[in-house]
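Enquirer: Contents are compact mmCIF, C-alpha atoms and all ligand atoms; file name upload.txt:
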# COMPACT_ATOMS: atom_id res chain seq x y z
CA MET A 1 -9.24 27.28 -4.17
CA ILE A 2 -8.23 23.61 -4.07
CA ILE A 3 -4.63 24.53 -4.96
CA GLU A 4 -4.48 27.20 -2.25
CA GLN A 5 -5.69 24.65 0.26
CA LEU A 6 -3.14 22.10 -0.96
CA LEU A 7 -0.28 24.60 -0.72
CA HIS A 8 -1.41 25.60 2.74
CA TYR A 9 -1.19 21.97 3.87
CA GLN A 10 2.12 21.43 2.09
CA ASN A 11 3.66 24.49 3.74
CA ASN A 12 2.65 23.36 7.22
CA ILE A 13 3.68 19.74 7.59
CA PRO A 14 4.77 18.50 11.03
CA GLN A 15 8.54 18.60 11.64
CA LEU A 16 9.28 15.67 13.95
CA ASP A 17 12.53 14.29 15.26
CA ILE A 18 11.98 10.67 14.13
CA VAL A 19 12.30 11.89 10.55
CA GLU A 20 15.82 11.51 9.13
CA HIS A 21 15.09 13.85 6.26
CA TYR A 22 12.19 15.01 4.12
CA GLN A 23 12.48 13.84 0.55
CA GLN A 24 11.94 16.78 -1.81
CA ASN A 25 11.37 18.75 1.44
CA ILE A 26 8.03 17.06 2.07
CA ILE A 27 7.99 13.24 2.21
CA PRO A 28 9.25 11.99 5.59
CA VAL A 29 12.00 9.34 5.42
CA LEU A 30 12.48 7.24 8.56
CA ASN A 31 15.62 5.15 8.59
CA ILE A 32 15.63 1.86 10.50
CA ASN A 33 19.37 2.35 11.17
CA ASN A 34 18.82 5.69 12.85
CA PRO A 35 18.64 5.22 16.67
CA VAL A 36 15.83 7.81 16.97
CA PHE A 37 13.57 5.45 15.02
CA SER A 38 13.42 2.77 17.70
CA LEU A 39 10.33 0.60 17.84
CA ASP A 40 10.79 0.33 21.62
CA ASN A 41 10.07 4.03 22.04
CA PRO A 42 6.30 4.42 22.64
CA ALA A 43 6.36 7.97 21.23
CA ILE A 44 7.21 6.66 17.75
CA SER A 45 3.80 5.25 17.05
CA LYS A 46 2.10 8.60 17.79
CA GLN A 47 4.60 10.50 15.68
CA LEU A 48 4.03 8.16 12.74
CA TYR A 49 0.30 8.75 13.03
CA GLN A 50 0.70 12.51 13.12
CA LEU A 51 3.16 12.61 10.24
CA PHE A 52 0.90 10.47 8.11
CA PHE A 53 -2.64 11.68 8.72
CA GLU A 54 -1.99 15.30 9.70
CA GLY A 55 0.95 15.69 7.36
CA THR A 56 1.97 14.42 3.94
CA GLY A 57 -0.17 11.27 3.68
CA ALA A 58 2.95 9.31 2.73
CA LEU A 59 6.02 7.99 4.54
CA ILE A 60 9.14 6.16 3.49
CA ILE A 61 10.66 3.53 5.76
CA ARG A 62 14.26 3.18 4.65
CA GLY A 63 16.05 -0.18 4.81
CA ALA A 64 13.21 -2.28 6.24
CA TYR A 65 13.93 -5.30 4.03
CA SER A 66 17.36 -6.74 3.30
CA GLN A 67 18.84 -6.99 -0.17
CA PRO A 68 18.85 -10.85 -0.13
CA GLN A 69 15.15 -10.84 0.83
CA MET A 70 14.34 -8.52 -2.07
CA GLU A 71 16.42 -10.60 -4.49
CA GLN A 72 14.58 -13.70 -3.34
CA TYR A 73 11.25 -11.97 -3.91
CA ASN A 74 12.32 -10.75 -7.36
CA LYS A 75 13.40 -14.28 -8.31
CA TRP A 76 10.04 -15.60 -7.09
CA CYS A 77 8.30 -13.02 -9.30
CA GLU A 78 10.43 -13.90 -12.34
CA ASP A 79 9.64 -17.61 -11.93
CA THR A 80 5.96 -17.05 -11.17
CA LEU A 81 5.46 -14.63 -14.04
CA GLU A 82 6.52 -17.33 -16.49
CA LEU A 83 3.78 -19.59 -15.08
CA VAL A 84 0.97 -17.04 -14.97
CA LYS A 85 1.54 -14.94 -18.11
CA MET A 86 -1.65 -16.33 -19.66
CA ASP A 87 -3.85 -15.26 -16.69
CA GLY A 88 -6.72 -12.99 -17.73
CA ASN A 89 -5.72 -10.42 -15.11
CA ILE A 90 -1.97 -10.45 -15.70
CA ARG A 91 -2.06 -6.83 -17.02
CA HIS A 92 -3.03 -3.89 -14.84
CA PRO A 93 -6.46 -2.70 -16.07
CA LYS A 94 -5.34 0.96 -15.82
CA GLN A 95 -1.66 0.65 -16.74
CA LYS A 96 -1.27 -1.63 -19.71
CA ASP A 97 2.52 -1.90 -19.51
CA LYS A 98 2.36 -3.27 -15.99
CA TYR A 99 2.26 -6.95 -15.06
CA LEU A 100 0.29 -7.90 -11.97
CA ILE A 101 0.86 -11.14 -10.12
CA ASN A 102 -2.42 -11.41 -8.26
CA ASN A 103 -3.13 -13.67 -5.34
CA VAL A 104 0.41 -13.45 -4.01
CA ILE A 105 -0.54 -14.84 -0.59
CA ASP A 106 -2.10 -17.96 -2.05
CA ARG A 107 0.59 -18.53 -4.67
CA MET A 108 3.57 -17.82 -2.40
CA SER A 109 2.18 -19.88 0.48
CA THR A 110 2.45 -22.82 -1.91
CA SER A 111 5.73 -22.13 -3.69
CA ASN A 112 7.77 -20.28 -1.05
CA PRO A 113 5.95 -20.21 2.31
CA ASP A 114 8.99 -19.04 4.29
CA LEU A 115 9.41 -16.02 2.04
CA LEU A 116 5.74 -15.13 2.51
CA VAL A 117 6.02 -15.33 6.29
CA SER A 118 9.20 -13.27 6.37
CA LEU A 119 7.74 -10.56 4.10
CA LEU A 120 4.49 -10.23 6.05
CA THR A 121 5.93 -10.43 9.57
CA ASN A 122 8.59 -7.79 9.00
CA PRO A 123 8.60 -5.85 12.31
CA TYR A 124 8.73 -2.42 10.65
CA LEU A 125 5.86 -3.28 8.35
CA THR A 126 3.58 -4.58 11.11
CA TYR A 127 4.56 -1.75 13.45
CA CYS A 128 3.56 0.86 10.88
CA MET A 129 0.34 -0.95 9.94
CA ASP A 130 -0.70 -1.24 13.57
CA SER A 131 0.30 2.35 14.44
CA LEU A 132 -1.79 3.77 11.61
CA LEU A 133 -4.78 1.43 11.74
CA GLY A 134 -4.92 0.08 15.29
CA PHE A 135 -4.47 -3.39 13.86
CA GLY A 136 -3.59 -3.80 10.20
CA LYS A 137 -5.19 -6.63 8.26
CA ILE A 138 -4.17 -7.61 4.74
CA GLY A 139 -6.78 -6.67 2.16
CA SER A 140 -4.72 -7.50 -0.91
CA CYS A 141 -1.18 -8.38 -1.85
CA THR A 142 -0.06 -7.99 -5.45
CA THR A 143 3.14 -7.79 -7.48
CA HIS A 144 3.34 -4.60 -9.60
CA TRP A 145 5.97 -4.92 -12.33
CA ILE A 146 6.25 -2.02 -14.78
CA GLU A 147 7.94 -3.02 -18.02
CA PRO A 148 10.78 -0.96 -19.51
CA GLY A 149 9.27 1.90 -21.50
CA GLY A 150 5.91 1.49 -19.73
CA ASP A 151 3.62 4.52 -19.61
CA ARG A 152 2.22 6.03 -16.41
CA GLN A 153 -1.18 5.26 -14.92
CA SER A 154 -3.97 7.81 -14.61
CA SER A 155 -4.26 9.75 -11.34
CA HIS A 156 -6.52 8.12 -8.78
CA VAL A 157 -7.35 7.33 -5.17
CA ASP A 158 -7.75 3.77 -3.97
CA TYR A 159 -10.27 1.26 -2.69
CA PRO A 160 -12.88 1.42 -1.32
CA ILE A 161 -13.83 4.72 -3.07
CA HIS A 162 -12.03 3.92 -6.33
CA ILE A 163 -14.92 5.14 -8.44
CA GLY A 164 -12.90 5.36 -11.68
CA SER A 165 -11.79 1.72 -11.57
CA GLY A 166 -13.94 -0.40 -9.25
CA ASP A 167 -16.75 -2.23 -11.12
CA PHE A 168 -19.07 -1.78 -8.15
CA TRP A 169 -19.10 2.00 -8.57
CA GLU A 170 -20.09 1.92 -12.28
CA ASN A 171 -17.93 5.03 -12.70
CA SER A 172 -20.66 7.03 -10.97
CA VAL A 173 -20.00 9.74 -8.40
CA GLU A 174 -23.75 9.94 -7.96
CA LYS A 175 -23.88 6.30 -6.88
CA ALA A 176 -21.21 6.96 -4.26
CA GLN A 177 -22.99 10.11 -3.06
CA ASN A 178 -26.15 8.08 -2.56
CA LEU A 179 -24.35 5.48 -0.46
CA ILE A 180 -21.87 7.49 1.62
CA THR A 181 -22.33 10.57 3.80
CA ASP A 182 -19.96 13.51 3.32
CA TYR A 183 -18.75 12.93 6.86
CA GLN A 184 -17.85 9.31 6.11
CA LEU A 185 -16.07 10.34 2.91
CA ASN A 186 -13.98 13.07 4.52
CA HIS A 187 -13.55 11.93 8.11
CA ILE A 188 -13.83 8.15 8.29
CA LEU A 189 -12.71 6.70 4.98
CA PRO A 190 -9.28 8.42 5.03
CA TYR A 191 -8.57 6.19 8.07
CA TYR A 192 -9.97 2.99 6.61
CA SER A 193 -6.94 1.58 4.83
CA ILE A 194 -3.39 2.27 3.75
CA GLN A 195 -1.31 1.20 0.76
CA ILE A 196 2.21 -0.11 1.23
CA LEU A 197 4.61 -0.43 -1.67
CA ILE A 198 7.71 -2.51 -0.98
CA ALA A 199 10.48 -1.57 -3.41
CA SER A 200 12.05 -4.85 -4.46
CA ASP A 201 13.83 -2.83 -7.15
CA LYS A 202 15.32 0.57 -6.51
CA MET A 203 12.95 3.10 -8.04
CA ASN A 204 12.88 6.75 -9.00
CA GLN A 205 11.69 9.04 -11.77
CA GLN A 206 13.71 7.06 -14.34
CA ASN A 207 12.00 3.70 -13.91
CA GLY A 208 8.50 4.82 -12.93
CA SER A 209 8.43 5.09 -9.15
CA THR A 210 5.09 5.99 -7.60
CA GLU A 211 4.01 9.56 -8.35
CA LEU A 212 1.98 11.28 -5.63
CA ILE A 213 0.63 14.66 -4.52
CA PRO A 214 1.72 15.27 -0.93
CA CYS A 215 -1.15 16.25 1.41
CA SER A 216 -3.87 15.67 -1.22
CA HIS A 217 -5.60 13.14 1.08
CA ARG A 218 -6.69 16.13 3.19
CA LEU A 219 -8.57 17.91 0.38
CA GLU A 220 -12.32 17.90 0.84
CA ASN A 221 -14.20 15.48 -1.44
CA ILE A 222 -10.98 14.62 -3.31
CA ASP A 223 -12.35 11.12 -4.01
CA TYR A 224 -14.90 12.77 -6.31
CA LYS A 225 -12.89 15.78 -7.45
CA ILE A 226 -10.07 13.67 -8.89
CA LEU A 227 -12.56 12.46 -11.52
CA ASP A 228 -13.19 16.01 -12.73
CA THR A 229 -10.78 16.68 -15.59
CA THR A 230 -10.46 20.40 -14.89
CA ILE A 231 -9.50 19.72 -11.28
CA SER A 232 -7.20 16.81 -12.05
CA ASN A 233 -5.41 18.91 -14.71
CA SER A 234 -4.93 21.72 -12.18
CA LEU A 235 -3.33 19.24 -9.76
CA GLU A 236 -0.94 17.88 -12.39
CA PRO A 237 2.06 20.14 -11.52
CA TYR A 238 2.00 18.94 -7.91
CA PHE A 239 2.84 15.29 -8.57
CA ILE A 240 6.27 14.18 -7.40
CA ASN A 241 8.11 10.89 -7.81
CA VAL A 242 9.28 9.06 -4.70
CA ASP A 243 12.84 7.83 -4.60
CA LEU A 244 13.16 4.38 -3.04
CA GLN A 245 16.16 2.17 -2.48
CA GLN A 246 15.83 -1.58 -2.76
CA GLY A 247 14.24 -2.77 0.52
CA ASP A 248 12.52 0.53 1.42
CA PHE A 249 8.79 0.69 1.70
CA LEU A 250 6.44 3.56 0.98
CA ILE A 251 3.17 3.86 2.89
CA PHE A 252 0.52 6.12 1.51
CA ASN A 253 -3.03 7.06 2.44
CA ARG A 254 -5.61 5.39 0.20
CA ARG A 255 -7.03 8.85 -0.41
CA LEU A 256 -3.78 10.42 -1.58
CA CYS A 257 -3.80 11.25 -5.31
CA HIS A 258 -1.21 8.98 -6.86
CA ARG A 259 -0.33 6.73 -9.81
CA GLY A 260 2.24 4.23 -11.02
CA GLY A 261 4.95 6.23 -12.82
CA LYS A 262 6.33 6.20 -16.36
CA ASN A 263 9.26 3.86 -16.82
CA ILE A 264 11.63 5.58 -19.24
CA SER A 265 14.50 3.24 -18.35
CA SER A 266 15.45 -0.02 -20.02
CA ASN A 267 14.85 -2.05 -16.84
CA ARG A 268 11.70 -3.31 -15.18
CA ARG A 269 10.41 -1.74 -11.95
CA ASN A 270 9.26 -4.42 -9.57
CA SER A 271 7.44 -4.08 -6.23
CA LEU A 272 4.97 -5.71 -3.87
CA ILE A 273 1.89 -3.67 -3.03
CA ILE A 274 -0.04 -4.53 0.10
CA GLN A 275 -3.34 -2.97 1.01
CA SER A 276 -3.84 -2.95 4.76
CA ILE A 277 -7.24 -2.29 6.31
CA TRP A 278 -8.36 -1.79 9.87
CA LEU A 279 -9.74 -4.70 11.86
CA TRP A 280 -13.38 -4.01 11.02
CA GLY A 281 -12.93 -3.28 7.36
CA ILE A 282 -13.59 -5.49 4.36
CA GLY A 283 -10.49 -6.14 2.28
CA GLN A 284 -10.47 -5.85 -1.48
CA GLU A 285 -9.74 -9.50 -2.24
CA ILE A 286 -10.82 -12.89 -1.00
CA ILE A 287 -8.03 -14.52 0.98
CA ASN A 288 -8.75 -18.10 1.92
CA SER A 289 -7.21 -17.80 5.35
CA SER A 290 -7.84 -21.28 6.76
CA ILE A 291 -6.27 -22.96 3.72
CA ILE A 292 -3.27 -20.59 3.84
CA ILE A 293 -2.69 -21.08 7.58
CA ASP A 294 -3.02 -24.84 7.23
CA ARG A 295 -0.40 -24.78 4.47
CA LEU A 296 1.97 -22.62 6.54
CA VAL A 297 1.58 -24.83 9.60
CA LYS A 298 2.60 -27.84 7.51
CA THR A 299 5.31 -26.38 5.32
CA SER A 300 6.88 -23.21 6.74
CA ASN A 301 9.70 -23.44 9.26
CA LYS A 302 9.48 -19.68 9.67
CA TYR A 303 5.82 -19.95 10.63
CA GLN A 304 6.51 -22.79 13.05
CA GLN A 305 9.22 -20.69 14.70
CA LEU A 306 6.84 -17.80 15.46
CA ALA A 307 5.76 -17.43 19.10
CA ASP A 308 2.11 -18.34 19.71
CA THR A 309 1.11 -14.69 20.06
CA GLU A 310 2.78 -13.93 16.72
CA LYS A 311 0.97 -16.84 15.05
CA LYS A 312 -2.35 -15.51 16.36
CA LYS A 313 -1.57 -12.05 15.05
CA PHE A 314 -0.56 -13.42 11.66
CA GLN A 315 -3.79 -15.38 11.47
CA LEU A 316 -5.89 -12.33 12.34
CA ARG A 317 -4.15 -10.33 9.60
CA ILE A 318 -5.68 -12.57 6.95
CA ASP A 319 -8.79 -13.82 8.75
CA PHE A 320 -12.05 -12.14 9.83
CA PRO A 321 -13.44 -12.40 13.36
CA TYR A 322 -16.97 -11.68 12.04
CA PRO A 323 -19.56 -12.41 10.69
CA LYS A 324 -20.23 -15.56 12.67
CA ASP A 325 -22.24 -18.49 11.42
CA VAL A 326 -25.18 -18.67 13.81
CA SER A 327 -27.29 -21.01 11.71
CA LYS A 328 -26.56 -24.06 13.86
CA SER A 329 -27.76 -24.25 17.45
CA THR A 330 -25.42 -25.86 19.92
O1 LIG B 401 2.77 1.06 -8.95
C1 LIG B 401 2.65 2.09 -8.29
O2 LIG B 401 3.59 2.83 -8.04
C2 LIG B 401 1.29 2.50 -7.79
C3 LIG B 401 0.23 1.54 -8.22
C4 LIG B 401 -1.15 2.01 -8.05
O3 LIG B 401 -1.40 3.08 -7.59
C5 LIG B 401 -2.27 1.17 -8.46
O4 LIG B 401 -2.06 0.16 -9.13
O5 LIG B 401 -3.43 1.50 -8.13
In structure tokens, how does this file's structure come out?
Expert:
Amino acid sequence: MIIEQLLHYQNNIPQLDIVEHYQQNIIPVLNINNPVFSLDNPAISKQLYQLFFEGTGALIIRGAYSQPQMEQYNKWCEDTLELVKMDGNIRHPKQKDKYLINNVIDRMSTSNPDLLVSLLTNPYLTYCMDSLLGFGKIGSCTTHWIEPGGDRQSSHVDYPIHIGSGDFWENSVEKAQNLITDYQLNHILPYYSIQILIASDKMNQQNGSTELIPCSHRLENIDYKILDTTISNSLEPYFINVDLQQGDFLIFNRRLCHRGGKNISSNRRNSLIIQSIWLWGIGQEIINSSIIIDRLVKTSNKYQQLADTEKKKFQLRIDFPYPKDVSKST
């Protein structure tokens, strides 16, 4: 039944003119050099939304970051990795051959603040985040570096209903069922956050690009079903690898079944993964926004050059308007 439903969705994805082509006939690729993908056209935002939520659950934005930017990021990762290799959380808990550089915003705001500002204010990135979430805040920002020969990760969906990996859930579907209504699970939480993988290295099936099941974010109760071995085995043939050039980014629904791929090449596969959440959501990681902003104000030319409205937006992406401290009377 679940496979029939999946195939029904996969056979009926929206065909829209902002799409340059559909990778493997199903994943929309939007090219920043194609005049139809113009951020000045108000119809684009709606089309992105439709393609993403009512379609495949994943999009590729081709050419959003330049090669020099990606090389600069890779160099930052190489240097930083040497410094943090002894960190307790340097290895991905669910993909042992993957290095994680956690806390990228904090670390990069110290060691290369201009790079941080240019990565996070990329107009294509913020446009997509805001089109899909209303306003996209940053919930986490992490380097994902799969070593040569590294094995794939197990299939999963992401925060906040990451029952198989989040300590809070104690690996218990029952706990989740007691805390979330079916309506929230199927109709609200698919819109809560998105994952964005920036390909700082070109990636494909050879070096372990992201593997995903197009349209799986639309399957009822998939957050729970993915933990059932019979169901996850039946979904296995429907995984496909994305094919990203250096500087592309992939956006996928947090509820899409996916995993980091198997790197059968002799080179690393590096990337930056950003989780973006809507304005009223809680992000996955603590980001000390006032310290970060203070640092950027003092040390980043790029930050200083932003218009005031852009600075405010940047601040809101890492800060929270609520809860307020009402303990002191005025
Ligand atoms: O590295 C990737 O391609 C995906 C990573 C991922 O899904 C995860 O770490 O949860």
Enquirer: Can you pull out every residue with an atom within 8 Å of ligand LIG 401 (chain B)? Use only C-alpha atoms and all ligand atoms and format it as a list in words.
Expert: His92, Lys94, Gln95, His144, Trp145, Ile146, Gln153, His156, Val157, Asp158, Leu197, Gly208, Ser209, Thr210, Glu211, His258, Arg259, Gly260, Gly261, Ser271 and Ile273 of chain A
Enquirer: Give as a PyMOL selection string every residue, naming chains and numbers as the document does, that has an atom within 10 Å of (12.0, -19.4, 3.4), counting all atoms listed in the file.
Expert: chain A and resi 69+72+111-119+299-303
Enquirer: Would you export the selected residues with C-alpha atoms as a short mmCIF file (atom, residue, chain, number, x, y, z; two decimals), in the coordinates of the input, please?
Expert:
data_model
loop_
_atom_site.label_atom_id
_atom_site.label_comp_id
_atom_site.auth_asym_id
_atom_site.auth_seq_id
_atom_site.Cartn_x
_atom_site.Cartn_y
_atom_site.Cartn_z
CA GLN A 69 15.15 -10.84 0.83
CA GLN A 72 14.58 -13.70 -3.34
CA SER A 111 5.73 -22.13 -3.69
CA ASN A 112 7.77 -20.28 -1.05
CA PRO A 113 5.95 -20.21 2.31
CA ASP A 114 8.99 -19.04 4.29
CA LEU A 115 9.41 -16.02 2.04
CA LEU A 116 5.74 -15.13 2.51
CA VAL A 117 6.02 -15.33 6.29
CA SER A 118 9.20 -13.27 6.37
CA LEU A 119 7.74 -10.56 4.10
CA THR A 299 5.31 -26.38 5.32
CA SER A 300 6.88 -23.21 6.74
CA ASN A 301 9.70 -23.44 9.26
CA LYS A 302 9.48 -19.68 9.67
CA TYR A 303 5.82 -19.95 10.63
#
Enquirer: Find the residues with any atom within 9 Å of (2.9, 20.1, 2.5); use only C-alpha atoms and the coordinates as given in the file, and write the answer as a list of chain:residue names.
Expert: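 Selection result: A:Leu6, A:Leu7, A:His8, A:Tyr9, A:Gln10, A:Asn11, A:Asn12, A:Ile13, A:Pro14, A:Asn25, A:Ile26, A:Ile27, A:Gly55, A:Thr56, A:Pro214, A:Cys215, A:Ser216.
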Enquirer: For C-alpha atoms, I'd like the residues from the last selection saved as a CSV table (one decimal), keeping the file's coordinate frame.
Expert:
chain,number,residue,atom,x,y,z
A,6,LEU,CA,-3.1,22.1,-1.0
A,7,LEU,CA,-0.3,24.6,-0.7
A,8,HIS,CA,-1.4,25.6,2.7
A,9,TYR,CA,-1.2,22.0,3.9
A,10,GLN,CA,2.1,21.4,2.1
A,11,ASN,CA,3.7,24.5,3.7
A,12,ASN,CA,2.6,23.4,7.2
A,13,ILE,CA,3.7,19.7,7.6
A,14,PRO,CA,4.8,18.5,11.0
A,25,ASN,CA,11.4,18.8,1.4
A,26,ILE,CA,8.0,17.1,2.1
A,27,ILE,CA,8.0,13.2,2.2
A,55,GLY,CA,1.0,15.7,7.4
A,56,THR,CA,2.0,14.4,3.9
A,214,PRO,CA,1.7,15.3,-0.9
A,215,CYS,CA,-1.2,16.2,1.4
A,216,SER,CA,-3.9,15.7,-1.2
Enquirer: From the options A:Trp278, A:Glu285, A:Tyr22, A:Glu78, which residue's atoms come nearest to A:Leu51, counting only C-alpha atoms?
Expert: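 Answer, going by the shortest atom-to-atom distance: A:Tyr22.
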Enquirer: Using all atoms listed in the file, which protein or nucleic acid residues come within 10 Å of A:Gly283? Drop anything in the same chain fewer than 3 positions from it, and give the result as a ChimeraX atom specification.
Expert: /A:137-140,159-160,193,275-280,286-287,318,320
Enquirer: Using only C-alpha atoms, which residues sit within 8 Å of A:Leu250 once same-chain residues fewer than 6 positions away are excluded, as an MDAnalysis selection string?
Expert: chainID A and resid 58:61 196:199 244
Enquirer: When you look at A:Tyr183 with a cut-off of 12 Å (counting all atoms listed in the file), what residues show up, excluding the ones that are within fewer than 6 positions of it in the same chain? I need them as a ChimeraX atom specification.
Expert: /A:177,189-190,220-221
Enquirer: Go through A:Arg255, A:Lys46, A:Arg218, A:Lys98 and flag the residue nearest A:Gly134, using all atoms listed in the file for the distances.
Expert: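 Smallest separation from A:Gly134 among the options: A:Lys46.
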Enquirer: With all atoms listed in the file as the basis for distance, which of A:Ser66, A:Gln246, A:Gln24, A:Ser45 is at the shortest distance from A:Ser131?
Expert: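 Nearest to A:Ser131: A:Ser45.
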Enquirer: Kindly give the distance, in Å, that separates atom CA of A:Phe239 and atom CA of A:Cys128, rounded to a single decimal.
Expert: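 Calculated distance between atom CA of A:Phe239 and atom CA of A:Cys128 is 24.2 Å.
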Enquirer: Using all atoms listed in the file, which residue out of A:Asp325, A:Leu132, A:Gln184, A:Asn270 lies closest to A:Leu81?
Expert: A:Asn270
Enquirer: Need the shell around A:Ile101: protein/DNA/RNA residues with any atom at most 9 Å away, counting only C-alpha atoms. Skip same-chain ones fewer than 2 positions apart. Format as a VMD selection string?
Expert: chain A and resid 77 80 to 81 84 to 85 89 to 91 99 103 to 104 141 to 145
Enquirer: Will you model N, CA and C atoms for stretch 21-42 of chain A and pass it back as an mmCIF file, in the frame of the given file?
Expert:
data_model
loop_
_atom_site.group_PDB
_atom_site.id
_atom_site.type_symbol
_atom_site.label_atom_id
_atom_site.label_comp_id
_atom_site.auth_asym_id
_atom_site.auth_seq_id
_atom_site.Cartn_x
_atom_site.Cartn_y
_atom_site.Cartn_z
ATOM 1 N N HIS A 21 15.159 12.668 7.126
ATOM 2 C CA HIS A 21 15.090 13.850 6.260
ATOM 3 C C HIS A 21 13.757 13.821 5.499
ATOM 4 N N TYR A 22 13.422 14.932 4.904
ATOM 5 C CA TYR A 22 12.190 15.010 4.120
ATOM 6 C C TYR A 22 12.578 14.991 2.653
ATOM 7 N N GLN A 23 12.139 13.929 1.972
ATOM 8 C CA GLN A 23 12.480 13.840 0.550
ATOM 9 C C GLN A 23 11.751 14.943 -0.208
ATOM 10 N N GLN A 24 12.470 15.633 -1.079
ATOM 11 C CA GLN A 24 11.940 16.780 -1.810
ATOM 12 C C GLN A 24 11.258 17.769 -0.826
ATOM 13 N N ASN A 25 11.850 17.856 0.367
ATOM 14 C CA ASN A 25 11.370 18.750 1.440
ATOM 15 C C ASN A 25 9.993 18.421 1.974
ATOM 16 N N ILE A 26 9.413 17.292 1.604
ATOM 17 C CA ILE A 26 8.030 17.060 2.070
ATOM 18 C C ILE A 26 7.708 15.615 2.457
ATOM 19 N N ILE A 27 8.366 14.623 1.871
ATOM 20 C CA ILE A 27 7.990 13.240 2.210
ATOM 21 C C ILE A 27 8.934 12.720 3.303
ATOM 22 N N PRO A 28 8.390 12.418 4.491
ATOM 23 C CA PRO A 28 9.250 11.990 5.590
ATOM 24 C C PRO A 28 9.930 10.645 5.292
ATOM 25 N N VAL A 29 11.248 10.603 5.548
ATOM 26 C CA VAL A 29 12.000 9.340 5.420
ATOM 27 C C VAL A 29 12.462 8.953 6.806
ATOM 28 N N LEU A 30 12.070 7.758 7.251
ATOM 29 C CA LEU A 30 12.480 7.240 8.560
ATOM 30 C C LEU A 30 13.416 6.080 8.302
ATOM 31 N N ASN A 31 14.600 6.155 8.895
ATOM 32 C CA ASN A 31 15.620 5.150 8.590
ATOM 33 C C ASN A 31 15.723 4.156 9.736
ATOM 34 N N ILE A 32 15.620 2.851 9.413
ATOM 35 C CA ILE A 32 15.630 1.860 10.500
ATOM 36 C C ILE A 32 16.996 1.818 11.209
ATOM 37 N N ASN A 33 18.038 2.344 10.544
ATOM 38 C CA ASN A 33 19.370 2.350 11.170
ATOM 39 C C ASN A 33 19.625 3.588 12.025
ATOM 40 N N ASN A 34 18.655 4.488 12.049
ATOM 41 C CA ASN A 34 18.820 5.690 12.850
ATOM 42 C C ASN A 34 18.265 5.423 14.261
ATOM 43 N N PRO A 35 19.098 5.577 15.318
ATOM 44 C CA PRO A 35 18.640 5.220 16.670
ATOM 45 C C PRO A 35 17.369 5.959 17.112
ATOM 46 N N VAL A 36 17.057 7.123 16.540
ATOM 47 C CA VAL A 36 15.830 7.810 16.970
ATOM 48 C C VAL A 36 14.572 7.056 16.527
ATOM 49 N N PHE A 37 14.726 6.231 15.491
ATOM 50 C CA PHE A 37 13.570 5.450 15.020
ATOM 51 C C PHE A 37 13.599 4.064 15.666
ATOM 52 N N SER A 38 13.367 4.046 16.974
ATOM 53 C CA SER A 38 13.420 2.770 17.700
ATOM 54 C C SER A 38 12.004 2.323 18.011
ATOM 55 N N LEU A 39 11.692 1.090 17.642
ATOM 56 C CA LEU A 39 10.330 0.600 17.840
ATOM 57 C C LEU A 39 9.996 0.426 19.328
ATOM 58 N N ASP A 40 11.038 0.455 20.178
ATOM 59 C CA ASP A 40 10.790 0.330 21.620
ATOM 60 C C ASP A 40 10.329 1.642 22.245
ATOM 61 N N ASN A 41 10.464 2.722 21.500
ATOM 62 C CA ASN A 41 10.070 4.030 22.040
ATOM 63 C C ASN A 41 8.577 4.266 21.775
ATOM 64 N N PRO A 42 7.749 4.320 22.838
ATOM 65 C CA PRO A 42 6.300 4.420 22.640
ATOM 66 C C PRO A 42 5.867 5.698 21.904
#
